[in-house]
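Structure first, then comments.
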Amino acid sequence: MGVVIIDGTTVKDFVSDEVQFKKSVDERFPALDLNNDGVLSRSELRKAFESMRFIETHFGIEVATPPDQLTQLYDSIFDKFDCDQRGTVDLDEFREEMKRLCWPKKR
């Protein structure tokens, strides 16, 4: 397995290219929408993040996180994506939160 290093400039350029960023996110969304209803449920978004293993590993090393703590973490991630608090994440919400995740504005 190879290692790819992406610096901040690369990410900023990608997110700044509105057309390419939108295309990339819009292509990924249907793959995450497992039941093809046009929105992401809590479980669909969790499965997506579980597959990326962001929380279960730390610099490639397995981290033993209790299941209830994992559920809290994934629920808080979902709540960030679910801007209108309707219990699902539509494409616009997904796109906006991915943009914030990739290139957060300084506060």
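Following the order of the structure tokens, chains are lettered A, B, ..., residues in each are numbered from 1, and ligands are numbered from 1.
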
* To do: Would you mind listing what lies within 7 Å of stretch 38-45 of chain A as a PyMOL selection string, with only C-alpha atoms counted and same-chain residues fewer than 2 positions away left out?
  => chain A and resi 32-34+36+47-49+78+88-91

* To do: Measure the distance from atom CA of A:Ser51 to atom CA of A:Gln20 in Å and round it to one decimal.
  => 23.6 Å

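The residues of stretch 20-100 of chain A that DSSP assigns to strand (DSSP E or B) on this backbone come out as Leu40, Thr57, His58, Ile61, Glu62 and Val89 of chain A.
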
Just write the chosen residues, all heavy atoms, as a tab-separated table (two decimals), in the first residue's frame.
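As a result, selection-v3.tsv now contains:
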chain	number	residue	atom	x	y	z
A	40	LEU	N	-28.89	10.58	2.82
A	40	LEU	CA	-28.10	9.67	3.64
A	40	LEU	C	-28.73	9.57	5.03
A	40	LEU	O	-29.01	10.59	5.66
A	40	LEU	CB	-26.66	10.17	3.77
A	40	LEU	CG	-25.88	10.33	2.47
A	40	LEU	CD1	-24.47	10.82	2.77
A	40	LEU	CD2	-25.85	9.03	1.68
A	57	THR	N	-8.60	4.24	13.91
A	57	THR	CA	-7.14	4.18	13.80
A	57	THR	C	-6.54	5.55	14.11
A	57	THR	O	-7.19	6.57	13.97
A	57	THR	CB	-6.68	3.76	12.40
A	57	THR	OG1	-7.14	4.70	11.44
A	57	THR	CG2	-7.18	2.37	12.04
A	58	HIS	N	-5.32	5.52	14.55
A	58	HIS	CA	-4.57	6.73	14.81
A	58	HIS	C	-3.21	6.56	14.14
A	58	HIS	O	-2.40	5.76	14.60
A	58	HIS	CB	-4.43	6.94	16.32
A	58	HIS	CG	-3.70	8.20	16.69
A	58	HIS	ND1	-4.25	9.44	16.51
A	58	HIS	CD2	-2.48	8.40	17.20
A	58	HIS	CE1	-3.39	10.36	16.91
A	58	HIS	NE2	-2.30	9.75	17.33
A	61	ILE	N	-2.52	2.96	13.34
A	61	ILE	CA	-2.48	2.02	14.46
A	61	ILE	C	-3.90	1.88	15.02
A	61	ILE	O	-4.58	2.88	15.27
A	61	ILE	CB	-1.52	2.51	15.56
A	61	ILE	CG1	-0.10	2.61	14.99
A	61	ILE	CG2	-1.56	1.58	16.77
A	61	ILE	CD1	0.88	3.30	15.90
A	62	GLU	N	-4.34	0.63	15.19
A	62	GLU	CA	-5.67	0.38	15.73
A	62	GLU	C	-5.81	1.01	17.12
A	62	GLU	O	-4.91	0.94	17.94
A	62	GLU	CB	-5.94	-1.13	15.84
A	62	GLU	CG	-6.05	-1.83	14.51
A	62	GLU	CD	-7.33	-1.46	13.77
A	62	GLU	OE1	-8.38	-1.30	14.38
A	62	GLU	OE2	-7.24	-1.34	12.54
A	89	VAL	N	-29.39	13.41	5.54
A	89	VAL	CA	-28.43	14.35	4.94
A	89	VAL	C	-28.66	14.33	3.43
A	89	VAL	O	-28.48	13.28	2.79
A	89	VAL	CB	-26.98	13.95	5.27
A	89	VAL	CG1	-25.98	14.86	4.57
A	89	VAL	CG2	-26.76	13.97	6.78

* To do: Using atom CA of A:Gln69 and atom CA of A:Asp37 as the two end points, give the distance in Å to one decimal.
  => 28.7 Å

* Structure fact -> Computed gap from atom CA of A:Glu97 to atom CA of A:Pro30 is 16.1 Å

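With only C-alpha atoms as the basis for measurement, A:Arg95 is the residue among A:Arg95, A:Cys102, A:Pro66, A:Tyr74 that approaches A:Val25 most closely.
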